[in-house]
$ cat start-v7.cif   # mmCIF, C-alpha atoms
data_structure
#
loop_
_atom_site.label_atom_id
_atom_site.label_comp_id
_atom_site.auth_asym_id
_atom_site.auth_seq_id
_atom_site.Cartn_x
_atom_site.Cartn_y
_atom_site.Cartn_z
CA MET A 1 110.67 121.51 85.44
CA THR A 2 108.17 122.56 88.06
CA LEU A 3 104.85 120.98 88.90
CA SER A 4 102.62 123.60 87.23
CA PRO A 5 100.73 124.27 90.43
CA THR A 6 97.09 125.22 90.36
CA PRO A 7 95.32 126.56 93.46
CA ARG A 8 94.23 123.10 94.60
CA SER A 9 97.64 121.54 94.02
CA THR A 10 99.51 124.32 95.78
CA VAL A 11 100.55 123.23 99.24
CA LYS A 12 99.09 125.73 101.66
CA ARG A 13 99.91 124.45 105.10
CA GLY A 14 103.48 123.50 105.81
CA HIS A 15 104.55 125.19 102.60
CA LYS A 16 108.17 124.93 103.64
CA ARG A 17 107.67 121.22 102.99
CA ALA A 18 106.44 121.73 99.46
CA VAL A 19 108.78 120.60 96.72
CA THR A 20 108.27 121.88 93.22
CA GLU A 21 110.67 119.87 91.11
CA ARG A 22 109.19 117.34 88.75
CA THR A 23 112.04 114.94 89.46
CA ALA A 24 110.93 114.93 93.10
CA LEU A 25 107.43 113.92 92.01
CA HIS A 26 108.82 111.06 89.94
CA SER A 27 111.05 109.98 92.79
CA VAL A 28 108.15 109.73 95.26
CA LEU A 29 105.96 107.86 92.78
CA ASP A 30 108.76 105.44 92.00
CA ALA A 31 109.40 104.69 95.69
CA ALA A 32 106.06 103.09 96.58
CA LEU A 33 103.89 100.27 95.24
CA VAL A 34 100.42 101.24 96.38
CA CYS A 35 98.56 104.47 95.67
CA HIS A 36 95.28 105.68 97.10
CA LEU A 37 92.76 106.62 94.44
CA ALA A 38 89.88 108.90 95.41
CA VAL A 39 86.75 109.53 93.39
CA VAL A 40 83.33 111.01 94.07
CA VAL A 41 80.51 108.44 94.03
CA ASP A 42 76.95 109.67 94.59
CA GLY A 43 78.32 112.89 96.01
CA ALA A 44 80.46 111.17 98.65
CA PRO A 45 84.19 110.52 98.57
CA LEU A 46 85.52 107.02 98.05
CA VAL A 47 89.19 106.14 98.41
CA LEU A 48 90.70 102.76 97.61
CA PRO A 49 94.23 101.37 97.41
CA THR A 50 95.38 100.19 94.01
CA GLY A 51 98.50 99.40 92.06
CA TYR A 52 100.10 101.84 89.68
CA GLY A 53 103.12 102.46 87.52
CA ARG A 54 104.71 105.52 85.94
CA ASP A 55 105.92 106.12 82.40
CA GLY A 56 107.27 109.63 81.99
CA ASP A 57 104.47 111.95 83.03
CA THR A 58 101.73 109.37 82.75
CA LEU A 59 100.55 107.43 85.76
CA TYR A 60 98.91 104.12 84.91
CA LEU A 61 96.41 102.85 87.45
CA HIS A 62 95.14 99.36 87.94
CA GLY A 63 91.48 99.99 87.35
CA SER A 64 90.12 96.61 88.38
CA THR A 65 89.68 97.78 91.94
CA GLY A 66 86.24 97.57 93.44
CA ALA A 67 83.04 96.89 91.61
CA ARG A 68 82.37 97.39 87.93
CA SER A 69 80.25 100.37 88.96
CA LEU A 70 83.32 101.90 90.56
CA ARG A 71 85.46 101.31 87.51
CA GLU A 72 82.82 103.11 85.52
CA ALA A 73 82.63 105.84 88.15
CA VAL A 74 86.36 106.45 87.90
CA ALA A 75 86.61 106.65 84.14
CA GLY A 76 86.53 110.14 82.68
CA VAL A 77 85.77 111.98 85.92
CA PRO A 78 88.05 113.92 88.26
CA VAL A 79 90.16 111.72 90.48
CA CYS A 80 92.81 112.39 93.08
CA VAL A 81 95.69 110.02 93.70
CA ALA A 82 98.04 110.07 96.68
CA VAL A 83 101.28 108.17 97.16
CA THR A 84 102.95 108.35 100.56
CA VAL A 85 106.25 106.98 101.77
CA LEU A 86 106.81 107.01 105.51
CA ASP A 87 110.44 107.55 106.47
CA GLY A 88 110.33 107.92 110.23
CA VAL A 89 108.62 109.05 113.38
CA VAL A 90 109.76 112.39 114.77
CA TYR A 91 110.02 112.38 118.57
CA ALA A 92 110.03 116.01 119.60
CA ARG A 93 110.51 117.38 123.11
CA SER A 94 106.97 118.69 122.96
CA MET A 95 103.92 116.60 122.17
CA PHE A 96 102.95 119.34 119.73
CA GLY A 97 106.20 118.91 117.80
CA HIS A 98 105.73 115.18 117.20
CA SER A 99 105.57 114.49 113.51
CA MET A 100 106.47 112.08 110.73
CA ASN A 101 109.22 112.16 108.17
CA PHE A 102 107.61 111.33 104.87
CA ARG A 103 107.50 111.94 101.16
CA SER A 104 104.09 112.33 99.56
CA ALA A 105 102.69 113.13 96.16
CA VAL A 106 99.14 114.15 95.33
CA VAL A 107 97.92 114.16 91.74
CA HIS A 108 94.72 115.69 90.41
CA GLY A 109 93.29 114.88 87.03
CA VAL A 110 90.91 112.86 84.93
CA ALA A 111 91.57 109.14 84.68
CA VAL A 112 91.17 108.00 81.10
CA PRO A 113 90.46 104.32 80.36
CA VAL A 114 93.15 102.83 78.13
CA THR A 115 91.34 100.59 75.67
CA GLU A 116 93.32 100.58 72.42
CA PRO A 117 95.05 97.15 72.48
CA GLU A 118 98.65 98.30 71.95
CA ALA A 119 98.27 101.14 74.42
CA LYS A 120 96.61 98.87 76.97
CA LEU A 121 99.39 96.31 76.66
CA HIS A 122 101.91 99.11 77.19
CA GLY A 123 100.05 100.33 80.28
CA LEU A 124 99.92 96.80 81.69
CA ARG A 125 103.63 96.41 81.06
CA VAL A 126 104.32 99.60 83.01
CA LEU A 127 102.05 98.46 85.84
CA THR A 128 103.60 94.98 85.99
CA GLU A 129 107.18 96.22 85.82
CA HIS A 130 106.52 98.63 88.67
CA LEU A 131 104.94 95.93 90.84
CA ALA A 132 107.34 93.16 89.88
CA PRO A 133 110.35 94.25 87.83
CA GLY A 134 111.35 91.54 85.37
CA SER A 135 107.99 89.78 85.47
CA TRP A 136 106.75 91.09 82.13
CA ASP A 137 109.31 89.06 80.23
CA TYR A 138 109.25 86.10 82.64
CA ALA A 139 105.53 85.47 83.19
CA ARG A 140 102.99 84.07 80.77
CA GLN A 141 101.58 86.87 78.65
CA PRO A 142 97.89 87.72 79.00
CA THR A 143 95.32 86.00 76.81
CA THR A 144 92.72 88.02 74.93
CA LYS A 145 90.20 87.08 77.61
CA GLU A 146 92.51 88.13 80.44
CA LEU A 147 93.23 91.42 78.69
CA ALA A 148 89.52 92.10 78.39
CA ALA A 149 89.07 91.40 82.10
CA THR A 150 91.78 93.93 83.02
CA SER A 151 91.12 97.62 83.31
CA VAL A 152 93.89 100.18 82.89
CA LEU A 153 93.50 103.90 83.51
CA ALA A 154 95.91 106.65 82.52
CA LEU A 155 96.31 109.83 84.55
CA ASP A 156 98.37 112.79 83.42
CA LEU A 157 100.87 114.03 86.01
CA THR A 158 100.60 117.68 85.06
CA GLU A 159 98.70 118.80 88.15
CA ALA A 160 100.54 117.46 91.13
CA SER A 161 102.13 118.48 94.40
CA VAL A 162 104.90 116.98 96.46
CA LYS A 163 105.48 117.39 100.16
CA VAL A 164 108.52 116.18 102.04
CA ARG A 165 109.48 116.30 105.71
CA SER A 166 112.89 115.10 106.72
CA GLY A 167 115.43 115.71 109.42
CA PRO A 168 115.29 116.21 113.18
CA PRO A 169 112.42 117.64 115.25
CA GLY A 170 111.69 121.35 114.97
CA ASP A 171 111.25 122.03 118.64
CA HIS A 172 110.69 125.54 119.99
CA GLU A 173 113.94 127.20 121.10
CA ASP A 174 112.77 127.24 124.72
CA ASP A 175 112.30 123.46 124.66
CA VAL A 176 115.72 123.00 123.05
CA ALA A 177 117.38 125.29 125.60
CA ALA A 178 115.77 123.42 128.52
CA ASN A 179 117.61 120.26 127.33
CA ASP A 180 115.52 118.18 129.73
CA ARG A 181 114.20 115.55 127.33
CA TRP A 182 115.56 113.35 124.55
CA ALA A 183 114.45 114.15 121.03
CA GLY A 184 115.20 112.55 117.71
CA VAL A 185 113.93 110.48 114.84
CA LEU A 186 113.16 106.78 114.65
CA PRO A 187 113.59 105.87 111.00
CA VAL A 188 111.40 103.27 109.36
CA ARG A 189 111.87 101.53 106.04
CA ALA A 190 110.48 98.63 104.09
CA VAL A 191 112.56 95.53 103.58
CA TRP A 192 112.00 92.51 101.38
CA GLY A 193 111.91 89.11 103.01
CA GLU A 194 113.00 85.76 101.66
CA PRO A 195 111.06 84.60 98.57
CA GLU A 196 108.32 82.07 99.46
CA PRO A 197 107.94 79.55 96.63
CA ASP A 198 104.41 78.51 95.65
CA PRO A 199 103.71 75.12 97.32
CA THR A 200 102.26 73.85 94.04
CA LEU A 201 105.65 74.04 92.27
CA VAL A 202 106.81 70.56 91.29
CA GLY A 203 110.50 69.62 91.47
CA GLY A 204 113.47 71.74 92.45
CA TRP A 205 113.09 75.33 91.36
CA ASP A 206 115.65 78.09 91.72
CA VAL A 207 114.16 81.46 92.51
CA PRO A 208 114.57 83.44 89.26
CA PRO A 209 117.17 86.26 89.18
CA HIS A 210 114.64 89.11 88.94
CA VAL A 211 113.12 88.01 92.25
CA VAL A 212 116.44 87.23 93.95
CA THR A 213 117.85 90.63 92.98
CA ARG A 214 114.92 92.42 94.48
CA SER A 215 114.86 90.44 97.70
CA ARG A 216 118.47 91.47 98.27
CA ALA A 217 117.88 95.15 97.50
CA SER A 218 116.47 96.16 100.84
CA SER A 219 118.88 98.81 101.93
CA ALA A 220 117.38 101.75 100.04
CA GLY A 221 114.11 103.41 100.92
CA GLY A 222 111.74 100.66 100.06
CA PRO A 223 108.13 100.48 99.06
CA LEU A 224 105.90 101.82 101.74
CA GLY A 225 102.40 101.99 100.39
CA MET B 1 80.74 91.55 115.73
CA THR B 2 80.46 92.25 112.05
CA LEU B 3 81.12 95.45 110.20
CA SER B 4 77.47 96.44 109.61
CA PRO B 5 77.95 96.65 105.87
CA THR B 6 75.99 99.12 103.81
CA PRO B 7 75.90 98.91 100.01
CA ARG B 8 78.92 101.18 99.60
CA SER B 9 80.96 99.43 102.26
CA THR B 10 80.20 95.96 100.91
CA VAL B 11 83.18 94.64 98.99
CA LYS B 12 81.89 93.78 95.55
CA ARG B 13 84.91 92.73 93.56
CA GLY B 14 87.16 90.12 95.11
CA HIS B 15 84.50 89.38 97.72
CA LYS B 16 86.44 86.29 98.75
CA ARG B 17 88.92 88.77 100.16
CA ALA B 18 86.36 90.60 102.26
CA VAL B 19 86.62 90.11 105.99
CA THR B 20 83.65 90.94 108.17
CA GLU B 21 84.96 90.66 111.69
CA ARG B 22 85.35 93.85 113.64
CA THR B 23 88.54 92.58 115.24
CA ALA B 24 90.05 92.37 111.73
CA LEU B 25 89.20 96.03 111.19
CA HIS B 26 90.88 97.00 114.43
CA SER B 27 93.90 94.89 113.58
CA VAL B 28 94.42 96.60 110.20
CA LEU B 29 93.96 100.06 111.69
CA ASP B 30 96.41 99.28 114.47
CA ALA B 31 99.08 98.02 112.05
CA ALA B 32 99.75 101.24 110.12
CA LEU B 33 100.66 104.82 110.99
CA VAL B 34 99.35 106.78 108.02
CA CYS B 35 95.81 106.85 106.67
CA HIS B 36 94.53 108.43 103.48
CA LEU B 37 91.63 110.78 104.07
CA ALA B 38 89.36 111.64 101.15
CA VAL B 39 86.85 114.45 100.99
CA VAL B 40 84.92 116.24 98.27
CA VAL B 41 86.06 119.83 97.68
CA ASP B 42 84.24 121.90 95.06
CA GLY B 43 82.80 118.71 93.60
CA ALA B 44 86.18 117.06 93.07
CA PRO B 45 87.86 114.41 95.22
CA LEU B 46 90.83 115.28 97.39
CA VAL B 47 92.88 112.68 99.21
CA LEU B 48 95.66 113.45 101.66
CA PRO B 49 97.80 111.37 104.02
CA THR B 50 97.42 112.09 107.71
CA GLY B 51 98.06 110.58 111.10
CA TYR B 52 95.39 108.80 113.08
CA GLY B 53 94.76 106.71 116.14
CA ARG B 54 92.01 104.37 117.29
CA ASP B 55 90.14 104.16 120.58
CA GLY B 56 87.52 101.41 120.51
CA ASP B 57 85.31 102.16 117.54
CA THR B 58 86.37 105.77 117.18
CA LEU B 59 89.07 106.78 114.74
CA TYR B 60 90.78 110.05 115.63
CA LEU B 61 92.28 111.93 112.71
CA HIS B 62 94.93 114.56 112.77
CA GLY B 63 92.96 117.36 111.19
CA SER B 64 95.76 119.86 110.72
CA THR B 65 96.51 118.53 107.26
CA GLY B 66 96.34 120.95 104.38
CA ALA B 67 94.93 124.43 104.48
CA ARG B 68 92.47 125.84 106.94
CA SER B 69 89.92 125.72 104.14
CA LEU B 70 90.46 121.97 103.89
CA ARG B 71 90.08 121.48 107.61
CA GLU B 72 86.79 123.30 107.34
CA ALA B 73 85.85 121.25 104.29
CA VAL B 74 86.44 118.01 106.18
CA ALA B 75 84.45 118.88 109.29
CA GLY B 76 80.90 117.61 109.36
CA VAL B 77 80.77 116.28 105.79
CA PRO B 78 81.15 112.74 104.43
CA VAL B 79 84.72 111.49 104.39
CA CYS B 80 86.32 108.23 103.41
CA VAL B 81 89.45 106.94 105.11
CA ALA B 82 91.65 104.11 103.86
CA VAL B 83 94.45 102.33 105.69
CA THR B 84 96.55 99.85 103.73
CA VAL B 85 99.31 97.53 104.85
CA LEU B 86 101.34 95.91 102.10
CA ASP B 87 102.54 92.41 102.99
CA GLY B 88 104.10 91.16 99.78
CA VAL B 89 104.25 90.98 96.02
CA VAL B 90 102.61 87.93 94.46
CA TYR B 91 104.62 86.56 91.54
CA ALA B 92 102.21 84.38 89.58
CA ARG B 93 103.05 82.22 86.58
CA SER B 94 100.78 84.44 84.52
CA MET B 95 101.11 88.19 84.24
CA PHE B 96 97.36 88.34 84.90
CA GLY B 97 97.77 86.53 88.22
CA HIS B 98 100.31 89.00 89.61
CA SER B 99 98.96 90.63 92.72
CA MET B 100 99.78 91.98 96.14
CA ASN B 101 99.31 90.53 99.57
CA PHE B 102 97.81 93.25 101.68
CA ARG B 103 95.41 94.19 104.45
CA SER B 104 93.22 97.21 103.89
CA ALA B 105 90.40 98.97 105.68
CA VAL B 106 88.05 101.56 104.24
CA VAL B 107 85.84 103.63 106.53
CA HIS B 108 82.93 105.84 105.53
CA GLY B 109 81.42 108.44 107.79
CA VAL B 110 81.22 112.01 108.90
CA ALA B 111 84.30 113.47 110.59
CA VAL B 112 83.28 115.46 113.63
CA PRO B 113 85.64 118.13 115.00
CA VAL B 114 86.57 117.41 118.62
CA THR B 115 86.55 120.77 120.38
CA GLU B 116 85.54 120.17 123.99
CA PRO B 117 88.87 120.52 125.88
CA GLU B 118 88.83 117.20 127.76
CA ALA B 119 87.69 115.28 124.69
CA LYS B 120 90.27 117.00 122.51
CA LEU B 121 93.04 116.18 124.94
CA HIS B 122 91.87 112.56 124.91
CA GLY B 123 91.86 112.47 121.11
CA LEU B 124 95.36 113.94 121.00
CA ARG B 125 96.54 111.37 123.49
CA VAL B 126 95.16 108.57 121.29
CA LEU B 127 96.79 110.12 118.20
CA THR B 128 100.14 110.60 119.94
CA GLU B 129 100.21 107.15 121.51
CA HIS B 130 99.51 105.57 118.12
CA LEU B 131 102.25 107.56 116.41
CA ALA B 132 104.75 107.34 119.24
CA PRO B 133 103.78 104.99 122.09
CA GLY B 134 105.06 106.31 125.39
CA SER B 135 105.44 109.87 124.18
CA TRP B 136 102.33 111.23 125.84
CA ASP B 137 103.82 110.79 129.30
CA TYR B 138 107.37 111.63 128.23
CA ALA B 139 106.97 114.74 126.09
CA ARG B 140 106.08 118.25 127.20
CA GLN B 141 102.32 118.61 127.34
CA PRO B 142 100.64 121.05 124.95
CA THR B 143 100.09 124.65 125.94
CA THR B 144 96.72 126.27 125.52
CA LYS B 145 98.01 127.96 122.38
CA GLU B 146 99.32 124.69 120.94
CA LEU B 147 96.03 122.98 121.70
CA ALA B 148 94.15 125.70 119.85
CA ALA B 149 96.44 125.29 116.85
CA THR B 150 95.75 121.53 116.70
CA SER B 151 92.72 120.11 115.00
CA VAL B 152 91.33 116.70 115.95
CA LEU B 153 88.53 114.94 114.11
CA ALA B 154 86.58 111.89 115.28
CA LEU B 155 85.18 109.34 112.86
CA ASP B 156 82.88 106.52 113.90
CA LEU B 157 84.00 103.08 112.69
CA THR B 158 80.49 101.71 112.18
CA GLU B 159 80.54 101.74 108.40
CA ALA B 160 83.72 100.03 107.32
CA SER B 161 85.04 97.25 105.17
CA VAL B 162 88.18 95.14 105.38
CA LYS B 163 89.89 93.33 102.55
CA VAL B 164 92.79 90.94 102.94
CA ARG B 165 94.83 88.98 100.43
CA SER B 166 97.37 86.52 101.71
CA GLY B 167 99.04 83.34 100.62
CA PRO B 168 100.49 82.04 97.36
CA PRO B 169 99.48 82.97 93.81
CA GLY B 170 96.13 81.77 92.53
CA ASP B 171 97.29 80.64 89.12
CA HIS B 172 94.95 78.90 86.69
CA GLU B 173 95.22 75.10 86.92
CA ASP B 174 96.63 74.89 83.38
CA ASP B 175 99.49 77.21 84.37
CA VAL B 176 100.14 75.20 87.54
CA ALA B 177 100.12 71.91 85.62
CA ALA B 178 102.58 73.26 83.03
CA ASN B 179 105.09 73.74 85.88
CA ASP B 180 107.31 75.75 83.52
CA ARG B 181 107.80 78.89 85.60
CA TRP B 182 108.62 79.79 89.19
CA ALA B 183 105.84 81.34 91.24
CA GLY B 184 105.69 82.59 94.78
CA VAL B 185 105.51 85.55 97.10
CA LEU B 186 108.14 88.12 97.99
CA PRO B 187 107.17 89.35 101.45
CA VAL B 188 107.74 92.94 102.47
CA ARG B 189 107.61 94.46 105.91
CA ALA B 190 108.51 97.67 107.67
CA VAL B 191 111.41 97.73 110.09
CA TRP B 192 112.55 100.39 112.50
CA GLY B 193 116.08 101.69 112.18
CA GLU B 194 118.43 102.96 114.86
CA PRO B 195 117.19 106.06 116.73
CA GLU B 196 118.79 109.27 115.42
CA PRO B 197 119.27 111.74 118.30
CA ASP B 198 118.50 115.39 117.62
CA PRO B 199 121.86 117.16 116.99
CA THR B 200 120.77 119.99 119.28
CA LEU B 201 120.78 117.72 122.36
CA VAL B 202 123.47 118.85 124.80
CA GLY B 203 125.49 116.32 126.76
CA GLY B 204 125.22 112.55 126.82
CA TRP B 205 121.66 111.35 126.44
CA ASP B 206 120.44 107.77 126.59
CA VAL B 207 117.64 107.02 124.16
CA PRO B 208 114.54 106.68 126.38
CA PRO B 209 113.07 103.19 126.89
CA HIS B 210 109.86 103.82 124.92
CA VAL B 211 111.93 104.60 121.82
CA VAL B 212 114.47 101.81 122.36
CA THR B 213 111.71 99.23 122.82
CA ARG B 214 110.07 100.20 119.58
CA SER B 215 113.28 100.29 117.56
CA ARG B 216 113.91 96.67 118.61
CA ALA B 217 110.36 95.50 117.82
CA SER B 218 110.82 95.13 114.10
CA SER B 219 110.06 91.48 113.59
CA ALA B 220 106.27 91.67 113.42
CA GLY B 221 104.34 93.20 110.55
CA GLY B 222 105.31 96.78 110.99
CA PRO B 223 103.77 100.05 110.07
CA LEU B 224 103.34 100.38 106.34
CA GLY B 225 101.33 103.45 105.68
#
$ encode --input "start-v7.cif" --output "structure tokens"
Amino acid sequence: MTLSPTPRSTVKRGHKRAVTERTALHSVLDAALVCHLAVVVDGAPLVLPTGYGRDGDTLYLHGSTGARSLREAVAGVPVCVAVTVLDGVVYARSMFGHSMNFRSAVVHGVAVPVTEPEAKLHGLRVLTEHLAPGSWDYARQPTTKELAATSVLALDLTEASVKVRSGPPGDHEDDVAANDRWAGVLPVRAVWGEPEPDPTLVGGWDVPPHVVTRSRASSAGGPLG
Amino acid sequence: MTLSPTPRSTVKRGHKRAVTERTALHSVLDAALVCHLAVVVDGAPLVLPTGYGRDGDTLYLHGSTGARSLREAVAGVPVCVAVTVLDGVVYARSMFGHSMNFRSAVVHGVAVPVTEPEAKLHGLRVLTEHLAPGSWDYARQPTTKELAATSVLALDLTEASVKVRSGPPGDHEDDVAANDRWAGVLPVRAVWGEPEPDPTLVGGWDVPPHVVTRSRASSAGGPLG
């Protein structure tokens, strides 16, 4: 399934890096923890980092970012969301050829507040399980008051673009032929550290399995937000 | 020196997390490699990842992101730039208390195209040395044609805000007193991998010192863009 490109979601520059498979979009969104949400406020752009989670072709956004006025500004108006995973720095022979290896997704749409209680709980579950897999069943469930204080937005993934750069530098053939400088890629990835227990815990606590499992799963491309 | 807050750059929600020292702004900007640049195009927000570099209180942005029309759209109009470093996932006892440890900076201003040759070369040097320290002196310098094909934007850092969350969960005292669930932080950081030489290199090449040094400097909070 392709990404149903519209003019604004069609990658114009570096189109060789554009990827049009929907699975690629999902893969990028699933690989990071932080998105950057942009909205127009008083005619000027505003971009803020926030948490998100994906369920099928719906992106749930943590809407409690910024002031109440911002939450209101975001609801029901066009937004743009970007998720970027950095995979490496590309050291070319030429300064001009220096680049980054990355995977990025950009989504355009209207963020709809999720207010119906069942739907909101579902959205929160998706958000929580993306941020902290296993926590939904482990942690104390939200009270009515906490639910009311939480804002969840839903964004359809229909209009989206994906861009990927991978592999070695793309130096000009003259630079390659000269063979007078090193070139290559320095990969970068995110790794989990050791869990740090809350100092207010009383008694001997084992770190629960859902946290242990994650802290040991650092070999794959991790969350770079 | 403080960050000269204006109403839109004053952190409203989570104001306990706002940091007003200019050194904190510099520190966040220096810790990542990718920023998210937002601009208004045809009345709708557009946010894209791009490279940047800082010199004093000037942020240089790699302006060759997206189409020519976007580059033109960015020049001379209000932009908003966010840089976010993720430091950990906060596992609270309550679902509601789940959070992230992070450092983020948001800058508002007008991005000015840098066109004067000396100034442009300086901006490119700052950009390159942020992306790949040591590469400016090592790599082949840009030709006149390459320079013309590169777009550099300068953004003043006067209007900016910084937000930081660190430390353990902030669970409600009743949840802490219950002591019936583990809570803590799972730190995350970026690490450099082993340099991957370009397969087109001919003969035996040592990885140059500026790349080796970086690949071994993975212990500190790395670039999470």
$ residues_around --input "start-v7.cif" --residues "His98 in chain A" --least-positions-apart "5" --cutoff "12 Å" --atoms "only C-alpha atoms" --output "PyMOL selection string"
(chain A and resi 88-93+168-172+183-186) or (chain B and resi 51+62+124-125+127-133+135-136+138-142+150)
$ resolve_selection --input "start-v7.cif" --expression "the PyMOL selection byres ((chain A) within 6 of (chain B))" --output "PyMOL selection string"
chain A and resi 12-13+38-40+45-46+66-67+79-80+93-96+139-142+168+183-193+195-198+224-225
$ closest_residue --input "start-v7.cif" --among "A:Val126, A:Leu153, A:Ala24, A:Ala148" --to "Val110 in chain A" --atoms "only C-alpha atoms"
A:Leu153
$ resolve_selection --input "start-v7.cif" --expression "the PyMOL selection byres ((chain A and resi 26) around 10)" --output "list in words"
Glu21, Arg22, Thr23, Ala24, Leu25, Ser27, Val28, Leu29, Asp30, Ala31, Arg54, Asp55, Gly56, Asp57, Leu59, Ala105, Leu157 and Val162 of chain A
$ atom_distance --input "start-v7.cif" --atom1 "CA of Asn101 in chain B" --atom2 "CA of Lys163 in chain A"
27.6 Å
$ atom_distance --input "start-v7.cif" --atom1 "CA of Ala111 in chain A" --atom2 "CA of Ala32 in chain A"
19.7 Å
$ resolve_selection --input "start-v7.cif" --expression "the PyMOL selection byres ((chain B and resi 154) around 7)" --output "PyMOL selection string"
chain B and resi 58-61+111-114+152-153+155-156
$ atom_distance --input "start-v7.cif" --atom1 "CA of Arg165 in chain A" --atom2 "CA of His122 in chain B"
26.3 Å
